[in-house]
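File shown here: work_14.txt, holding compact mmCIF, C-alpha atoms (C1' of nucleotides).
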# COMPACT_ATOMS: atom_id res chain seq x y z
CA MET P 1 -0.09 88.93 45.89
CA SER P 2 2.02 87.93 42.88
CA LEU P 3 -0.61 88.97 40.34
CA ARG P 4 -0.33 92.52 41.58
CA PHE P 5 3.40 92.58 40.93
CA ALA P 6 3.12 90.77 37.63
CA LEU P 7 0.82 93.59 36.47
CA LEU P 8 3.08 96.30 37.88
CA GLY P 9 6.03 94.63 36.15
CA LEU P 10 4.34 94.51 32.78
CA LEU P 11 3.13 98.10 33.12
CA ASN P 12 6.62 99.15 34.12
CA GLU P 13 7.82 98.10 30.69
CA ARG P 14 5.16 100.11 28.91
CA PRO P 15 1.57 101.31 29.44
CA ALA P 16 -1.16 98.84 28.49
CA SER P 17 -4.88 98.14 28.77
CA GLY P 18 -6.49 95.21 30.57
CA TYR P 19 -7.04 93.65 27.20
CA ASP P 20 -3.36 93.98 26.24
CA LEU P 21 -2.29 92.50 29.56
CA THR P 22 -4.70 89.60 29.20
CA ARG P 23 -3.13 88.71 25.86
CA ARG P 24 0.37 88.92 27.27
CA PHE P 25 -0.57 86.50 30.05
CA ALA P 26 -2.15 84.16 27.52
CA GLN P 27 1.05 84.21 25.48
CA GLY P 28 4.59 84.08 26.83
CA ILE P 29 4.47 84.89 30.52
CA GLY P 30 1.49 82.59 31.17
CA SER P 31 3.35 79.58 29.81
CA TYR P 32 6.23 79.63 32.22
CA ALA P 33 5.90 82.30 34.90
CA TRP P 34 2.39 83.40 35.86
CA ASP P 35 -1.03 82.98 34.32
CA ALA P 36 -4.18 85.07 34.82
CA LYS P 37 -7.53 85.55 33.13
CA HIS P 38 -9.19 88.85 32.26
CA SER P 39 -11.77 88.31 35.00
CA GLN P 40 -8.99 88.57 37.55
CA ILE P 41 -6.97 91.24 35.77
CA TYR P 42 -9.70 93.90 35.48
CA PRO P 43 -10.64 93.97 39.19
CA GLU P 44 -6.95 94.00 40.13
CA LEU P 45 -6.27 96.99 37.85
CA LYS P 46 -9.11 98.78 39.61
CA LYS P 47 -7.61 98.04 43.03
CA LEU P 48 -4.15 99.14 41.89
CA THR P 49 -5.60 102.39 40.59
CA GLU P 50 -7.37 103.03 43.89
CA ALA P 51 -4.11 102.33 45.70
CA GLY P 52 -2.36 104.87 43.47
CA LEU P 53 0.15 102.37 42.12
CA ILE P 54 -1.08 102.77 38.56
CA GLU P 55 -3.20 105.40 36.81
CA ILE P 56 -5.33 105.72 33.70
CA ALA P 57 -3.00 107.33 31.19
CA GLU P 58 -5.46 107.46 28.32
CA GLU P 59 -9.04 106.53 27.46
CA GLY P 60 -9.57 105.35 23.92
CA ALA P 61 -12.22 103.88 21.68
CA ARG P 62 -14.52 101.07 22.85
CA GLY P 63 -14.02 102.05 26.48
CA ARG P 64 -10.35 101.21 26.28
CA LYS P 65 -8.35 102.38 29.29
CA THR P 66 -4.60 102.48 29.03
CA TYR P 67 -2.93 102.19 32.41
CA ALA P 68 0.52 103.45 33.33
CA ILE P 69 2.59 102.73 36.43
CA THR P 70 3.10 105.59 38.89
CA ALA P 71 6.26 106.44 40.84
CA ASP P 72 4.64 104.80 43.88
CA GLY P 73 3.91 101.66 41.89
CA ARG P 74 7.45 101.52 40.60
CA ALA P 75 8.79 101.87 44.12
CA GLN P 76 6.62 99.00 45.40
CA LEU P 77 7.59 96.80 42.48
CA ARG P 78 11.26 97.43 43.14
CA GLN P 79 10.85 96.74 46.82
CA TRP P 80 9.14 93.43 46.14
CA LEU P 81 11.80 92.35 43.67
CA LEU P 82 14.56 93.21 46.12
CA THR P 83 12.93 91.19 48.93
CA PRO P 84 14.29 87.67 48.71
CA ALA P 85 11.69 84.95 48.23
CA GLY P 86 12.23 81.28 48.95
CA ASN P 87 10.77 79.07 46.23
CA ALA P 88 7.05 79.68 46.76
CA GLY P 89 4.18 77.41 45.69
CA VAL P 90 5.00 76.20 42.20
CA ARG P 91 2.18 74.83 40.08
CA ASN P 92 2.70 73.30 36.67
CA GLU P 93 0.30 70.63 35.51
CA TYR P 94 2.38 69.79 32.49
CA VAL P 95 5.42 68.96 34.58
CA LEU P 96 3.25 67.06 37.07
CA ARG P 97 2.17 64.77 34.25
CA LEU P 98 5.78 64.09 33.34
CA PHE P 99 6.40 63.08 36.94
CA LEU P 100 3.73 60.44 36.92
CA LEU P 101 4.78 58.65 33.74
CA SER P 102 5.68 55.47 35.58
CA ALA P 103 1.93 54.84 35.98
CA LEU P 104 1.80 54.16 32.24
CA ARG P 105 2.95 51.28 30.09
CA ARG P 106 6.20 51.70 28.22
CA ASP P 107 4.59 52.46 24.85
CA GLU P 108 2.13 54.93 26.35
CA ALA P 109 4.86 56.77 28.23
CA ARG P 110 6.90 56.93 25.04
CA THR P 111 3.97 58.50 23.21
CA ILE P 112 3.55 61.16 25.89
CA LEU P 113 7.27 61.95 25.79
CA GLU P 114 7.13 62.26 22.02
CA HIS P 115 4.23 64.69 22.38
CA THR P 116 6.31 66.61 24.90
CA ILE P 117 9.15 66.91 22.42
CA GLU P 118 6.75 68.08 19.75
CA TYR P 119 5.03 70.58 22.01
CA SER P 120 8.24 71.99 23.47
CA THR P 121 9.74 72.34 20.01
CA GLU P 122 6.71 74.36 18.92
CA GLN P 123 6.98 76.56 22.00
CA LEU P 124 10.66 77.06 21.33
CA GLN P 125 9.98 78.15 17.77
CA ALA P 126 7.14 80.42 18.87
CA ILE P 127 9.37 82.21 21.38
CA THR P 128 12.18 82.58 18.85
CA GLN P 129 9.71 83.92 16.27
CA ASP P 130 8.07 86.35 18.71
CA PHE P 131 11.45 87.62 19.76
CA GLN P 132 12.61 88.17 16.18
CA ASP P 133 9.32 89.89 15.33
CA SER P 134 9.78 92.19 18.30
CA VAL P 135 13.33 93.00 17.17
CA ALA P 136 12.07 93.67 13.62
CA ASP P 137 9.36 95.98 15.00
CA GLY P 138 12.00 97.93 16.85
CA GLY P 139 10.54 96.61 20.12
CA PRO P 140 12.51 96.08 23.30
CA THR P 141 15.54 93.94 22.55
CA ARG P 142 16.64 94.58 26.08
CA GLY P 143 15.22 94.03 29.54
CA HIS P 144 12.24 91.75 29.83
CA GLY P 145 12.07 90.78 26.19
CA ALA P 146 15.48 89.31 25.66
CA LEU P 147 16.06 87.84 29.12
CA ALA P 148 12.65 86.20 29.37
CA ALA P 149 12.77 84.86 25.81
CA GLN P 150 16.18 83.36 26.40
CA TYR P 151 15.00 81.79 29.66
CA GLY P 152 12.08 80.19 27.86
CA ILE P 153 14.33 78.92 25.09
CA ARG P 154 16.72 77.32 27.53
CA VAL P 155 14.03 75.69 29.67
CA PHE P 156 12.16 74.28 26.68
CA GLN P 157 15.44 73.03 25.20
CA ALA P 158 16.26 71.34 28.51
CA THR P 159 12.81 69.72 28.48
CA ILE P 160 13.35 68.42 24.94
CA ASP P 161 16.78 67.02 25.83
CA TRP P 162 15.33 65.43 28.94
CA ALA P 163 12.46 63.83 27.01
CA HIS P 164 14.90 62.27 24.52
CA TRP P 165 16.94 60.92 27.40
CA ALA P 166 13.80 59.68 29.18
CA ILE P 167 12.68 57.74 26.09
CA GLU P 168 16.06 55.98 26.02
CA GLN P 169 15.72 55.23 29.73
CA ILE P 170 12.29 53.64 29.56
CA ASP P 171 13.25 51.65 26.48
CA ALA P 172 16.27 50.29 28.34
CA ASP P 173 14.42 49.61 31.60
CA PRO P 174 12.82 46.15 31.80
CA GLY P 175 10.79 47.09 34.91
CA PHE P 176 9.11 50.17 33.48
CA GLY P 177 5.34 50.38 33.65
CA HIS P 178 4.92 48.40 36.87
CA GLY P 179 2.01 50.65 37.87
CA ALA P 180 0.01 50.17 34.69
CA ASP P 181 -3.45 48.61 34.62
CA GLY P 182 -3.65 44.88 34.32
CA CYS P 183 0.06 44.32 34.72
CA ALA P 184 1.05 41.24 36.71
CA THR P 185 3.69 43.05 38.74
CA ALA P 186 1.05 45.39 40.23
CA PRO P 187 -1.08 43.51 42.78
CA THR P 188 -4.39 45.30 43.53
CA ARG P 189 -3.77 44.98 47.26
CA MET S 1 -8.42 68.68 39.85
CA SER S 2 -4.65 68.21 39.56
CA LEU S 3 -4.14 67.67 43.28
CA ARG S 4 -6.32 64.59 43.05
CA PHE S 5 -4.10 63.09 40.37
CA ALA S 6 -0.90 64.16 42.04
CA LEU S 7 -2.02 62.15 45.09
CA LEU S 8 -3.11 59.17 43.00
CA GLY S 9 0.24 59.30 41.22
CA LEU S 10 2.25 59.30 44.40
CA LEU S 11 0.14 56.52 45.88
CA ASN S 12 0.55 54.55 42.68
CA GLU S 13 4.26 54.37 43.38
CA ARG S 14 3.76 53.10 46.90
CA PRO S 15 1.25 53.36 49.78
CA ALA S 16 1.67 56.35 52.07
CA SER S 17 -0.02 58.37 54.82
CA GLY S 18 -1.15 61.97 54.59
CA TYR S 19 1.90 62.89 56.59
CA ASP S 20 4.24 61.11 54.17
CA LEU S 21 2.57 62.77 51.20
CA THR S 22 2.82 66.20 52.83
CA ARG S 23 6.56 65.76 53.20
CA ARG S 24 6.95 64.64 49.60
CA PHE S 25 5.15 67.76 48.39
CA ALA S 26 7.31 69.92 50.62
CA GLN S 27 10.41 68.30 49.12
CA GLY S 28 10.99 67.54 45.46
CA ILE S 29 7.64 67.58 43.71
CA GLY S 30 6.56 70.84 45.36
CA SER S 31 9.59 72.69 43.98
CA TYR S 32 8.95 72.15 40.32
CA ALA S 33 5.68 70.36 39.64
CA TRP S 34 2.90 70.79 42.19
CA ASP S 35 2.73 72.04 45.74
CA ALA S 36 0.13 71.31 48.44
CA LYS S 37 -0.23 71.70 52.20
CA HIS S 38 -1.45 69.09 54.65
CA SER S 39 -4.67 71.07 55.16
CA GLN S 40 -5.57 70.40 51.56
CA ILE S 41 -4.18 66.87 51.39
CA TYR S 42 -6.15 65.35 54.29
CA PRO S 43 -9.62 66.36 53.04
CA GLU S 44 -8.70 65.24 49.52
CA LEU S 45 -7.61 61.80 50.78
CA LYS S 46 -10.99 61.53 52.49
CA LYS S 47 -12.81 62.38 49.25
CA LEU S 48 -10.70 59.93 47.26
CA THR S 49 -11.48 57.20 49.77
CA GLU S 50 -15.21 57.94 49.53
CA ALA S 51 -14.94 57.80 45.75
CA GLY S 52 -13.26 54.39 46.01
CA LEU S 53 -10.08 55.53 44.24
CA ILE S 54 -7.90 54.86 47.25
CA GLU S 55 -8.39 52.83 50.42
CA ILE S 56 -6.97 52.64 53.92
CA ALA S 57 -4.45 49.83 53.69
CA GLU S 58 -3.27 49.97 57.29
CA GLU S 59 -3.90 51.88 60.52
CA GLY S 60 -0.84 52.43 62.68
CA ALA S 61 0.25 54.25 65.81
CA ARG S 62 -0.74 57.89 66.47
CA GLY S 63 -3.80 57.53 64.26
CA ARG S 64 -1.62 56.98 61.22
CA LYS S 65 -3.56 55.82 58.18
CA THR S 66 -1.68 54.35 55.27
CA TYR S 67 -3.55 54.75 52.00
CA ALA S 68 -3.16 52.58 48.90
CA ILE S 69 -4.48 53.16 45.40
CA THR S 70 -7.29 50.88 44.16
CA ALA S 71 -7.74 49.40 40.69
CA ASP S 72 -10.34 52.11 40.06
CA GLY S 73 -7.95 54.82 41.14
CA ARG S 74 -5.21 53.45 38.92
CA ALA S 75 -7.60 53.39 35.97
CA GLN S 76 -8.58 57.03 36.53
CA LEU S 77 -4.98 58.10 36.91
CA ARG S 78 -4.03 56.38 33.68
CA GLN S 79 -6.98 57.90 31.86
CA TRP S 80 -6.02 61.39 33.01
CA LEU S 81 -2.40 60.93 31.96
CA LEU S 82 -3.46 59.69 28.54
CA THR S 83 -5.75 62.68 27.95
CA PRO S 84 -3.71 65.37 26.26
CA ALA S 85 -3.52 68.66 28.14
CA GLY S 86 -2.52 71.95 26.60
CA ASN S 87 -0.18 73.87 28.88
CA ALA S 88 -2.55 74.72 31.74
CA GLY S 89 -2.17 77.57 34.23
CA VAL S 90 1.48 77.71 35.22
CA ARG S 91 2.42 79.55 38.38
CA ASN S 92 5.98 80.13 39.50
CA GLU S 93 6.75 83.20 41.54
CA TYR S 94 10.46 82.65 41.31
CA VAL S 95 10.42 82.73 37.52
CA LEU S 96 8.07 85.71 37.55
CA ARG S 97 10.68 87.64 39.49
CA LEU S 98 13.31 86.80 36.91
CA PHE S 99 11.01 88.21 34.24
CA LEU S 100 10.74 91.57 35.89
CA LEU S 101 14.44 92.22 36.39
CA SER S 102 14.47 95.17 34.00
CA ALA S 103 12.64 97.14 36.70
CA LEU S 104 15.87 97.10 38.71
CA ARG S 105 19.15 98.91 38.35
CA ARG S 106 22.02 97.01 36.81
CA ASP S 107 23.79 96.24 40.10
CA GLU S 108 20.55 95.15 41.79
CA ALA S 109 19.63 92.85 38.92
CA ARG S 110 23.11 91.37 39.02
CA THR S 111 22.71 90.64 42.74
CA ILE S 112 19.40 88.87 42.15
CA LEU S 113 20.91 86.81 39.33
CA GLU S 114 23.81 85.84 41.56
CA HIS S 115 21.33 84.72 44.22
CA THR S 116 19.54 82.71 41.54
CA ILE S 117 22.75 80.95 40.63
CA GLU S 118 23.43 80.21 44.27
CA TYR S 119 19.90 78.98 44.95
CA SER S 120 19.69 76.83 41.81
CA THR S 121 23.06 75.31 42.56
CA GLU S 122 21.84 74.34 46.01
CA GLN S 123 18.67 72.82 44.56
CA LEU S 124 20.74 70.92 42.02
CA GLN S 125 22.95 69.49 44.72
CA ALA S 126 19.94 68.63 46.88
CA ILE S 127 18.28 66.69 44.07
CA THR S 128 21.48 64.87 43.21
CA GLN S 129 21.99 64.01 46.88
CA ASP S 130 18.39 62.84 47.38
CA PHE S 131 18.62 60.71 44.31
CA GLN S 132 21.88 59.08 45.40
CA ASP S 133 20.47 58.49 48.90
CA SER S 134 17.43 56.81 47.38
CA VAL S 135 19.67 54.56 45.26
CA ALA S 136 21.76 53.70 48.32
CA ASP S 137 18.58 52.83 50.29
CA GLY S 138 17.53 50.45 47.53
CA GLY S 139 14.69 52.85 46.72
CA PRO S 140 13.18 53.29 43.29
CA THR S 141 15.92 53.97 40.77
CA ARG S 142 13.30 53.65 38.09
CA GLY S 143 10.04 55.36 37.27
CA HIS S 144 9.25 58.59 39.09
CA GLY S 145 12.53 58.80 40.98
CA ALA S 146 15.03 58.85 38.17
CA LEU S 147 13.02 60.68 35.52
CA ALA S 148 11.84 63.43 37.87
CA ALA S 149 15.27 63.91 39.42
CA GLN S 150 16.87 64.18 36.01
CA TYR S 151 14.24 66.69 34.91
CA GLY S 152 14.95 68.84 37.93
CA ILE S 153 18.68 68.64 37.35
CA ARG S 154 18.35 69.76 33.75
CA VAL S 155 15.96 72.62 34.46
CA PHE S 156 18.05 73.98 37.33
CA GLN S 157 21.20 73.66 35.22
CA ALA S 158 19.48 75.57 32.40
CA THR S 159 18.51 78.27 34.91
CA ILE S 160 22.10 78.56 36.14
CA ASP S 161 23.44 78.80 32.58
CA TRP S 162 20.81 81.40 31.74
CA ALA S 163 21.63 83.48 34.81
CA HIS S 164 25.33 83.55 33.87
CA TRP S 165 24.41 84.62 30.36
CA ALA S 166 21.95 87.22 31.70
CA ILE S 167 24.64 88.79 33.91
CA GLU S 168 26.87 89.18 30.85
CA GLN S 169 23.97 90.72 28.95
CA ILE S 170 23.09 93.35 31.51
CA ASP S 171 26.75 94.23 32.00
CA ALA S 172 27.10 94.74 28.26
CA ASP S 173 23.81 96.64 27.85
CA PRO S 174 24.14 100.42 28.35
CA GLY S 175 20.35 100.87 28.49
CA PHE S 176 19.65 98.38 31.26
CA GLY S 177 17.69 99.56 34.27
CA HIS S 178 15.57 102.16 32.49
CA GLY S 179 12.64 101.29 34.74
CA ALA S 180 14.45 101.82 37.99
CA ASP S 181 13.48 104.50 40.50
CA GLY S 182 14.98 107.90 40.01
CA CYS S 183 16.48 107.18 36.63
CA ALA S 184 16.42 110.02 34.12
CA THR S 185 15.33 107.79 31.22
CA ALA S 186 12.08 106.90 32.99
CA PRO S 187 9.73 109.89 32.96
CA THR S 188 6.92 109.61 35.54
CA ARG S 189 4.30 110.42 32.94
C1' DC D 1 -24.17 93.71 7.03
C1' DA D 2 -22.25 89.82 9.24
C1' DG D 3 -18.61 87.97 11.73
C1' DA D 4 -14.26 88.55 14.03
C1' DA D 5 -11.69 90.89 17.13
C1' DC D 6 -11.59 94.52 20.53
C1' DA D 7 -12.82 95.78 25.10
C1' DT D 8 -14.66 95.62 29.81
C1' DG D 9 -16.98 94.04 33.49
C1' DT D 10 -19.61 90.83 37.42
C1' DA D 11 -20.98 86.56 40.18
C1' DA D 12 -20.94 81.96 41.71
C1' DA D 13 -18.24 78.19 42.56
C1' DC D 14 -13.98 76.18 43.41
C1' DG D 15 -9.25 75.61 44.90
C1' DG D 16 -5.57 76.84 48.04
C1' DT D 17 -3.32 79.20 52.15
C1' DT D 18 -3.01 80.54 56.82
C1' DA D 19 -4.20 79.90 61.25
C1' DC D 20 -6.28 77.31 64.71
C1' DA D 21 -6.55 72.98 67.30
C1' DT D 22 -5.36 68.55 69.30
C1' DG D 23 -3.06 64.54 70.69
C1' DA D 24 0.51 60.44 70.51
C1' DT D 25 5.14 58.77 70.37
C1' DT D 26 10.02 59.03 70.46
C1' DC D 27 14.42 60.74 71.89
C1' DC D 28 17.46 62.78 75.06
C1' DG Z 1 9.86 65.20 82.05
C1' DG Z 2 10.43 68.30 78.19
C1' DA Z 3 11.23 69.02 73.35
C1' DA Z 4 11.00 67.42 68.81
C1' DT Z 5 8.64 64.90 65.60
C1' DC Z 6 4.85 62.29 64.08
C1' DA Z 7 0.13 62.59 62.86
C1' DT Z 8 -4.50 64.30 61.74
C1' DG Z 9 -7.95 67.36 61.31
C1' DT Z 10 -11.14 72.04 60.71
C1' DA Z 11 -12.44 76.97 59.51
C1' DA Z 12 -12.03 81.48 57.72
C1' DC Z 13 -10.11 83.92 54.28
C1' DC Z 14 -8.32 84.90 49.89
C1' DG Z 15 -7.08 83.93 45.06
C1' DT Z 16 -8.54 81.75 40.77
C1' DT Z 17 -11.60 79.83 37.28
C1' DT Z 18 -15.77 79.40 34.74
C1' DA Z 19 -19.71 81.28 33.12
C1' DC Z 20 -22.53 85.01 32.39
C1' DA Z 21 -23.22 89.59 30.34
C1' DT Z 22 -22.72 93.58 27.30
C1' DG Z 23 -21.38 96.75 23.86
C1' DT Z 24 -17.98 98.69 20.06
C1' DT Z 25 -15.06 98.85 16.06
C1' DC Z 26 -12.93 96.94 12.12
C1' DT Z 27 -12.72 93.94 8.01
C1' DG Z 28 -14.39 91.71 4.05
Let me see the file written as structure tokens.
Amino acid sequence: MSLRFALLGLLNERPASGYDLTRRFAQGIGSYAWDAKHSQIYPELKKLTEAGLIEIAEEGARGRKTYAITADGRAQLRQWLLTPAGNAGVRNEYVLRLFLLSALRRDEARTILEHTIEYSTEQLQAITQDFQDSVADGGPTRGHGALAAQYGIRVFQATIDWAHWAIEQIDADPGFGHGADGCATAPTR
Amino acid sequence: MSLRFALLGLLNERPASGYDLTRRFAQGIGSYAWDAKHSQIYPELKKLTEAGLIEIAEEGARGRKTYAITADGRAQLRQWLLTPAGNAGVRNEYVLRLFLLSALRRDEARTILEHTIEYSTEQLQAITQDFQDSVADGGPTRGHGALAAQYGIRVFQATIDWAHWAIEQIDADPGFGHGADGCATAPTR
DNA sequence: CAGAACATGTAAACGGTTACATGATTCC
DNA sequence: GGAATCATGTAACCGTTTACATGTTCTG
């Protein structure tokens, strides 16, 4: 059900085609909120159109269809947002990997954490850059743009800080890596 | 594929039954890394056993089966962790909702952000409490326990800080809520 | 004119959720 | 003895991914 509202939310900001929406999922929103592929987006846009929540605002070159949210769609989006939702099914493979670090040897875990710092730093810079580009283009400095960008910045910064701290921890911990292959402290059974 | 490694990872820490694993998903790990229900966990444990990656270490009362990871399973887990993974399909409905706040009126968005602060504060306290309980019980203060708990603490704290900042932003922004129902700045077409 | 990017769609296979279903043990 | 908790499983449905499939427009 969330995909439907993710699409309504993006279309509420401004009209877009399936192609546009696919790229937006592949970029920012897909990295920390919700991901979707074009093969899921196109059929969903069709359903939303049939339900009257969005409409084709314009048909352009190459079969391009620009969709816009309708009053009905906006009402449903608002209703969904105003309905409280307990923390539903989170899925983040990257974070899962961070959780399982104790299965690695100290040096391996350190390498992964260093990659995490590198990766998160890149993401941080990408968000900052995107945001500044959007400001320069006269794009939305308010609403979605600024709030979401700032959220991403803070979460990635927290991840970087955590990874630095985690490296210190594993370096200081003599028992780290007990679950690693071929280590004497890990009996097979 | 990730569920498989999530299970191997948890079993690498210590042997557990399907029931134990279900509870651990419902608690910490399910809130910020990976979620799964018992109906998915039990069949997966069966498959992992058939593949020789885990084994039944003990059969107890009420049909309880305690599974333990095998050397093979540990090797596969380690291999997976050491294989770099670009940020794969993230899904977090709670964060998605935060992204779409600009569809609401200022006062509504503020309410949601206040709920976010409240909720994240509770989560923060729950993690801190769980972690302290686990230390008091002589549980693992190393590996998974400490690193994961600290990660959760930092991410929830970042969310709280962001929400405070976001409330200030929307209060200061005269254009906020342009996408809300019945607002003059949002023409239907 | 070739290759990249734009643009949309479908189908099979897989993963995940909800609901159904059952029974044992413990606690009060 | 009844309720809560422990404990495991299956099936139908729905959401998601991967792979297949096609054609257009722009850029160099």
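All chain P residues having an atom within 9 Å of chain Z, based on only C-alpha atoms (C1' of nucleotides), amount to P:Met1, P:Ala36, P:Lys37, P:Ser39, P:Gln40, P:Ala61, P:Arg62, P:Gly63.
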> Please, which residues are within 9 Å of (4.2, 104.3, 41.0) by the file's coordinates, counting all atoms listed in the file, and could they come as a VMD selection string?
Replying inline: (chain P and resid 8 12 52 to 55 68 to 77) or (chain S and resid 188)
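Here atom CA of P:Arg154 and atom CA of S:Trp165 stand 11.0 Å from one another.
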> Taking all atoms listed in the file into account, what are the residues of chain D at most 12 Å from chain S, put as an MDAnalysis selection string?
Replying inline: chainID D and resid 14:20 22:26
>> Residues of chain P were defined as contacting chain S if any atom lay at most 7 Å from it, counting all atoms listed in the file; please report them as a PyMOL selection string.
In response: chain P and resi 2+9+12+30-35+70-71+74-75+78+81+87-97+99-104+143-144+147-148+151+154-155+158+162+166+176+179+181+188
Where does stretch 18-136 of chain P meet stretch 2-7 of chain D within 12 Å, residue by residue, with the nearest atom pair and distance in Å to one decimal for each, counting all atoms listed in the file, listed by chain and rising number, as CSV?
residue,atom,partner,partner_atom,distance
P:Gly18,CA,D:DA7,C1',8.4
P:Tyr19,CA,D:DA7,C1',6.5
P:Asp20,CA,D:DA7,C1',9.7
P:Leu21,CA,D:DA7,C1',11.9
P:Thr22,CA,D:DA7,C1',11.0
P:Arg23,CA,D:DC6,C1',11.6
P:His38,CA,D:DA7,C1',10.6
P:Tyr42,CA,D:DA7,C1',11.0
P:Glu59,CA,D:DA7,C1',11.6
P:Gly60,CA,D:DA7,C1',10.2
P:Ala61,CA,D:DA7,C1',8.8
P:Arg62,CA,D:DA7,C1',6.0
P:Gly63,CA,D:DA7,C1',6.5
P:Arg64,CA,D:DA7,C1',6.1
P:Lys65,CA,D:DA7,C1',9.0
P:Thr66,CA,D:DA7,C1',11.3
Given 5 Å on each side, where is the centre and what are the edge lengths in Å to one decimal of the axis-aligned box enclosing the listed atoms of stretch 1-11 of chain Z, as AutoDock Vina command-line options?
--center_x -0.6 --center_y 69.6 --center_z 70.8 --size_x 33.7 --size_y 24.7 --size_z 32.5
> Which one of P:Ala16, P:Ile127, P:Ile41, P:Ala172 sits closest to P:Ile56 if you count only C-alpha atoms?
Replying inline: P:Ala16
>> Using Å and a single decimal, report how far atom CA of S:Tyr67 sits from atom CA of S:Pro15.
In response: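 We find that atom CA of S:Pro15 and atom CA of S:Tyr67 lie 5.5 Å from each other.
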>> Report, in Å with one decimal, the straight-line distance from atom CA of P:Leu7 to atom CA of P:Leu48.
In response: 9.2 Å
Reconstruct N, CA and C atoms of stretch 76-92 of chain S from the incomplete input and present them as a tab-separated table (two decimals), keeping the file's coordinate frame.
chain	number	residue	atom	x	y	z
S	76	GLN	N	-8.31	55.60	36.72
S	76	GLN	CA	-8.58	57.03	36.53
S	76	GLN	C	-7.31	57.83	36.32
S	77	LEU	N	-6.28	57.44	37.05
S	77	LEU	CA	-4.98	58.10	36.91
S	77	LEU	C	-4.45	57.92	35.49
S	78	ARG	N	-4.51	56.69	35.02
S	78	ARG	CA	-4.03	56.38	33.68
S	78	ARG	C	-4.83	57.15	32.62
S	79	GLN	N	-6.14	57.20	32.83
S	79	GLN	CA	-6.98	57.90	31.86
S	79	GLN	C	-6.62	59.38	31.79
S	80	TRP	N	-6.38	59.96	32.95
S	80	TRP	CA	-6.02	61.39	33.01
S	80	TRP	C	-4.69	61.63	32.30
S	81	LEU	N	-3.73	60.76	32.58
S	81	LEU	CA	-2.40	60.93	31.96
S	81	LEU	C	-2.47	60.80	30.44
S	82	LEU	N	-3.37	59.94	29.98
S	82	LEU	CA	-3.46	59.69	28.54
S	82	LEU	C	-4.29	60.75	27.80
S	83	THR	N	-4.98	61.60	28.58
S	83	THR	CA	-5.75	62.68	27.95
S	83	THR	C	-4.84	63.87	27.74
S	84	PRO	N	-4.64	64.27	26.49
S	84	PRO	CA	-3.71	65.37	26.26
S	84	PRO	C	-4.16	66.66	26.93
S	85	ALA	N	-3.21	67.44	27.41
S	85	ALA	CA	-3.52	68.66	28.14
S	85	ALA	C	-2.65	69.79	27.63
S	86	GLY	N	-3.26	70.74	26.98
S	86	GLY	CA	-2.52	71.95	26.60
S	86	GLY	C	-1.99	72.59	27.87
S	87	ASN	N	-0.85	73.19	27.78
S	87	ASN	CA	-0.18	73.87	28.88
S	87	ASN	C	-1.13	74.66	29.78
S	88	ALA	N	-1.58	74.07	30.86
S	88	ALA	CA	-2.55	74.72	31.74
S	88	ALA	C	-1.87	75.57	32.81
S	89	GLY	N	-2.56	76.61	33.20
S	89	GLY	CA	-2.17	77.57	34.23
S	89	GLY	C	-0.89	77.31	35.01
S	90	VAL	N	0.21	77.85	34.53
S	90	VAL	CA	1.48	77.71	35.22
S	90	VAL	C	1.62	78.84	36.24
S	91	ARG	N	2.20	78.52	37.37
S	91	ARG	CA	2.42	79.55	38.38
S	91	ARG	C	3.75	79.31	39.07
S	92	ASN	N	4.66	80.27	38.91
S	92	ASN	CA	5.98	80.13	39.50
S	92	ASN	C	6.52	81.51	39.85
